[in-house]
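Source file: work_8.txt; contents: compact mmCIF, C-alpha atoms.
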# COMPACT_ATOMS: atom_id res chain seq x y z
CA MET O 201 0.00 0.00 0.00
CA LYS O 202 1.51 3.33 -1.09
CA ASN O 203 0.15 5.47 1.78
CA SER O 204 1.21 3.19 4.64
CA ILE O 205 4.23 3.95 6.79
CA GLN O 206 6.62 1.65 8.60
CA LEU O 207 5.63 1.07 12.23
CA ASP O 208 7.82 -0.62 14.80
CA GLU O 209 6.46 -2.58 17.78
CA ILE O 210 6.52 0.46 20.10
CA ASP O 211 4.51 2.50 17.56
CA ARG O 212 2.02 -0.37 17.36
CA ARG O 213 1.73 -0.55 21.16
CA ILE O 214 1.12 3.20 21.26
CA LEU O 215 -1.59 2.95 18.61
CA ARG O 216 -3.32 0.02 20.33
CA ALA O 217 -3.23 1.78 23.72
CA LEU O 218 -4.53 5.09 22.37
CA GLN O 219 -7.32 3.37 20.43
CA ASP O 220 -8.33 1.72 23.69
CA ASP O 221 -8.13 4.94 25.76
CA ALA O 222 -7.29 8.23 24.04
CA SER O 223 -7.34 10.08 27.37
CA LEU O 224 -4.11 8.48 28.63
CA SER O 225 -1.47 11.00 29.70
CA HIS O 226 2.00 10.59 28.21
CA ALA O 227 3.19 9.27 31.58
CA ALA O 228 0.38 6.71 31.82
CA LEU O 229 0.88 5.72 28.18
CA ALA O 230 4.61 5.29 28.75
CA GLU O 231 3.89 2.98 31.67
CA VAL O 232 1.42 0.92 29.62
CA ILE O 233 3.75 0.43 26.65
CA GLY O 234 7.07 0.27 28.50
CA ALA O 235 8.77 3.44 27.18
CA SER O 236 9.72 6.85 28.58
CA PRO O 237 7.18 9.72 28.54
CA ALA O 238 9.53 11.78 26.34
CA SER O 239 9.82 8.93 23.84
CA CYS O 240 6.01 8.52 23.80
CA TRP O 241 5.54 12.24 23.18
CA ARG O 242 8.04 12.21 20.27
CA ARG O 243 6.48 9.12 18.73
CA ILE O 244 2.93 10.46 19.08
CA ARG O 245 3.99 13.73 17.47
CA SER O 246 5.64 11.81 14.61
CA LEU O 247 2.51 9.66 14.14
CA GLU O 248 0.38 12.83 14.07
CA LEU O 249 2.63 14.50 11.50
CA ALA O 250 2.51 11.35 9.35
CA GLY O 251 -1.30 11.43 9.47
CA VAL O 252 -1.53 8.10 11.30
CA LEU O 253 -3.15 9.70 14.37
CA THR O 254 -5.83 12.15 13.32
CA GLY O 255 -7.85 13.04 16.40
CA ALA O 256 -9.20 12.01 19.77
CA VAL O 257 -12.88 11.49 20.47
CA ARG O 258 -15.15 10.15 23.19
CA LEU O 259 -17.63 7.51 22.08
CA VAL O 260 -21.32 8.00 22.92
CA ASP O 261 -23.67 5.11 23.68
CA PRO O 262 -26.44 5.59 21.07
CA VAL O 263 -29.11 3.85 23.20
CA ARG O 264 -28.50 6.18 26.15
CA VAL O 265 -28.99 9.25 23.96
CA GLY O 266 -32.11 7.99 22.23
CA ARG O 267 -30.54 6.73 19.00
CA GLY O 268 -30.99 2.99 19.54
CA VAL O 269 -32.21 2.00 16.08
CA SER O 270 -29.48 1.22 13.58
CA VAL O 271 -30.28 0.75 9.90
CA MET O 272 -28.09 -0.23 6.96
CA LEU O 273 -29.28 1.63 3.89
CA GLN O 274 -28.29 0.82 0.32
CA VAL O 275 -28.91 3.44 -2.37
CA ARG O 276 -28.79 3.27 -6.14
CA LEU O 277 -28.44 6.53 -8.10
CA LYS O 278 -30.26 7.51 -11.28
CA SER O 279 -27.08 8.96 -12.76
CA HIS O 280 -23.36 8.65 -12.08
CA ALA O 281 -22.54 12.02 -13.64
CA SER O 282 -19.87 13.71 -11.56
CA ASP O 283 -21.87 16.83 -10.63
CA LEU O 284 -24.94 14.79 -9.61
CA ARG O 285 -22.85 12.35 -7.59
CA GLN O 286 -21.05 15.22 -5.83
CA GLY O 287 -24.39 16.85 -5.01
CA PHE O 288 -25.69 13.62 -3.52
CA GLU O 289 -22.51 13.17 -1.46
CA ALA O 290 -22.83 16.74 -0.14
CA PHE O 291 -26.39 15.90 0.90
CA LEU O 292 -25.12 12.77 2.70
CA ARG O 293 -22.38 14.62 4.57
CA ALA O 294 -24.94 17.14 5.87
CA ARG O 295 -27.24 14.51 7.42
CA PRO O 296 -26.44 13.86 11.11
CA GLU O 297 -28.33 10.52 11.09
CA ILE O 298 -25.75 9.06 8.71
CA MET O 299 -22.87 7.71 10.77
CA GLU O 300 -20.97 6.09 7.90
CA CYS O 301 -21.31 6.10 4.15
CA HIS O 302 -19.33 4.14 1.61
CA SER O 303 -19.32 4.42 -2.17
CA MET O 304 -19.63 0.81 -3.31
CA SER O 305 -18.87 -1.40 -6.26
CA GLY O 306 -21.53 -3.81 -7.44
CA GLU O 307 -25.30 -3.51 -7.62
CA TRP O 308 -25.69 -0.65 -5.11
CA ASP O 309 -23.90 2.70 -5.32
CA TYR O 310 -23.81 3.58 -1.61
CA LEU O 311 -24.01 1.74 1.69
CA MET O 312 -24.59 3.72 4.85
CA ARG O 313 -25.25 3.19 8.53
CA ILE O 314 -28.04 5.31 9.94
CA VAL O 315 -28.88 5.80 13.65
CA VAL O 316 -32.29 7.10 14.69
CA GLU O 317 -34.57 7.07 17.71
CA GLY O 318 -37.18 4.75 16.22
CA VAL O 319 -38.72 3.27 13.11
CA ALA O 320 -41.00 6.29 12.58
CA ASP O 321 -37.95 8.59 12.58
CA TYR O 322 -36.26 6.36 10.03
CA GLU O 323 -39.36 6.33 7.84
CA ARG O 324 -39.44 10.16 7.84
CA PHE O 325 -35.74 10.32 7.02
CA LEU O 326 -36.02 7.76 4.22
CA MET O 327 -39.26 9.02 2.64
CA ARG O 328 -38.79 12.78 3.04
CA GLN O 329 -35.05 13.09 2.64
CA VAL O 330 -33.37 10.19 0.84
CA LEU O 331 -36.10 9.11 -1.59
CA ASN O 332 -36.96 12.73 -2.35
CA HIS O 333 -33.40 13.45 -3.47
CA PRO O 334 -33.50 14.03 -7.24
CA ASN O 335 -30.65 11.62 -8.00
CA VAL O 336 -31.91 8.63 -5.98
CA ALA O 337 -33.37 5.82 -8.07
CA THR O 338 -34.08 3.29 -5.31
CA ALA O 339 -33.07 2.21 -1.83
CA ALA O 340 -33.14 -0.87 0.39
CA SER O 341 -33.15 -0.84 4.19
CA HIS O 342 -31.92 -3.47 6.61
CA PHE O 343 -32.68 -3.02 10.32
CA ALA O 344 -30.06 -4.25 12.77
CA LEU O 345 -31.61 -6.62 15.32
CA SER O 346 -28.61 -6.52 17.64
CA GLN O 347 -25.00 -5.41 17.60
CA VAL O 348 -22.74 -8.45 17.63
CA LYS O 349 -19.48 -6.52 17.34
CA TYR O 350 -18.55 -2.86 17.22
CA THR O 351 -15.09 -1.37 17.33
CA THR O 352 -13.35 1.74 16.14
CA ALA O 353 -9.90 0.23 16.70
CA ILE O 354 -7.87 -0.53 13.57
CA PRO O 355 -5.81 -3.71 14.01
CA VAL O 356 -2.14 -2.68 14.15

Same coordinates, now as structure tokens:
Amino acid sequence: MKNSIQLDEIDRRILRALQDDASLSHAALAEVIGASPASCWRRIRSLELAGVLTGAVRLVDPVRVGRGVSVMLQVRLKSHASDLRQGFEAFLRARPEIMECHSMSGEWDYLMRIVVEGVADYERFLMRQVLNHPNVATAASHFALSQVKYTTAIPV
């Protein structure tokens, strides 16, 4: 892969630890991975400059904030013209219900993960927003019954 960089075992330990708990201080991180705080700071800074580390967030439990329904939505476009596709993607980026969206190969053009409070909220979103978009030909929804696995950690 052209955009990947060489990581040694200490870099990998840093990445695993920070993906597990981004709030670790440099001293606590150093203790966890077995390096000095100064070395951790330098390595973190280098990983940031290389674009490997891009931010720190706190994860929110969707059920506890009233967003317990998760839906996978597939969308097929009417046209793949660049300007129409870009307009649709701008629409997608502006919708807070859409947690992830991927441009896909195969039968469907886009696959996205939507989180909403309930089925009625999803129906409003789908019928009034997505299906009313001028470049949407059709869509298919798949409701998640339960979450078997969820992680944000990239295996390193």

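Residues in contact range of O:Leu331, defined as at most 12 Å between only C-alpha atoms, with sequence neighbours fewer than 4 positions away removed, read Leu273, Gln274, Val275, Arg276, Leu277, Lys278, Phe288, Tyr322, Glu323, Arg324, Phe325, Leu326, Met327, Asn335, Val336, Ala337, Thr338, Ala339, Ala340 and Ser341 of chain O.
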
Atom CA of O:Leu284 to atom CA of O:His333, straight-line distance in Å | 10.5 Å

Please identify all polymer residues lying at most 12 Å from the point (-35.0, 9.3, 13.1) (file coordinates), using all atoms listed in the file, and present the result as number ranges by chain.
-> O: 266-271, 295-298, 314-329

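Of the residues under consideration (O:Val257, O:Ala238, O:Ala344, O:Val252), O:Val257 shows the shortest atom-to-atom contact distance to O:Ala222 when counting only C-alpha atoms.
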
Using all atoms listed in the file, which residues of stretch 234-314 of chain O come within 10 Å of stretch 201-212 of chain O, and what is the closest atom pair for each, with the distance in Å to one decimal? Give it as CSV, sorted by chain and residue number.
residue,atom,partner,partner_atom,distance
O:Gly234,CA,O:Ile210,CA,8.4
O:Ala235,CA,O:Ile210,CA,8.0
O:Ser239,CA,O:Ile210,CA,9.8
O:Cys240,CA,O:Asp211,CA,8.8
O:Arg243,CA,O:Asp211,CA,7.0
O:Ile244,CA,O:Asp211,CA,8.3
O:Ser246,CA,O:Asp211,CA,9.8
O:Leu247,CA,O:Asp211,CA,8.2
O:Ala250,CA,O:Ile205,CA,8.0
O:Gly251,CA,O:Ile205,CA,9.7
O:Val252,CA,O:Ile205,CA,8.4

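The space separating atom CA of O:Thr352 from atom CA of O:Leu215 comes to 12.1 Å.
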
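The two atoms in question, atom CA of O:Met299 and atom CA of O:Ile214, are spaced 26.6 Å apart.
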
Could I get stretch 226-238 of chain O from the block written as a compact mmCIF listing (two decimals), in the first residue's frame, with N, CA, C and O atoms?
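Below is the file that was written, result.txt:
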# COMPACT_ATOMS: atom_id res chain seq x y z
N HIS O 226 0.75 11.16 28.75
CA HIS O 226 2.00 10.59 28.21
C HIS O 226 2.66 9.70 29.25
O HIS O 226 3.23 8.66 28.90
N ALA O 227 2.58 10.08 30.52
CA ALA O 227 3.19 9.27 31.58
C ALA O 227 2.47 7.93 31.71
O ALA O 227 3.11 6.88 31.81
N ALA O 228 1.15 7.95 31.70
CA ALA O 228 0.38 6.71 31.82
C ALA O 228 0.60 5.83 30.58
O ALA O 228 0.74 4.61 30.69
N LEU O 229 0.63 6.45 29.41
CA LEU O 229 0.88 5.72 28.18
C LEU O 229 2.26 5.07 28.22
O LEU O 229 2.42 3.90 27.85
N ALA O 230 3.24 5.82 28.67
CA ALA O 230 4.61 5.29 28.75
C ALA O 230 4.66 4.06 29.65
O ALA O 230 5.33 3.08 29.33
N GLU O 231 3.92 4.12 30.76
CA GLU O 231 3.89 2.98 31.67
C GLU O 231 3.23 1.77 31.01
O GLU O 231 3.71 0.65 31.12
N VAL O 232 2.15 2.00 30.29
CA VAL O 232 1.42 0.92 29.62
C VAL O 232 2.28 0.24 28.56
O VAL O 232 2.28 -0.99 28.44
N ILE O 233 3.01 1.02 27.77
CA ILE O 233 3.75 0.43 26.65
C ILE O 233 5.21 0.12 26.97
O ILE O 233 5.89 -0.51 26.17
N GLY O 234 5.70 0.58 28.11
CA GLY O 234 7.07 0.27 28.50
C GLY O 234 8.10 1.16 27.82
O GLY O 234 9.13 0.68 27.35
N ALA O 235 7.83 2.47 27.76
CA ALA O 235 8.77 3.44 27.18
C ALA O 235 8.77 4.68 28.06
O ALA O 235 7.95 4.81 28.97
N SER O 236 9.68 5.62 27.79
CA SER O 236 9.72 6.85 28.58
C SER O 236 8.64 7.82 28.09
O SER O 236 8.25 7.79 26.91
N PRO O 237 8.16 8.72 28.96
CA PRO O 237 7.18 9.72 28.54
C PRO O 237 7.69 10.59 27.39
O PRO O 237 6.93 10.90 26.47
N ALA O 238 8.97 10.95 27.41
CA ALA O 238 9.53 11.78 26.34
C ALA O 238 9.50 11.03 25.00
O ALA O 238 9.16 11.59 23.96
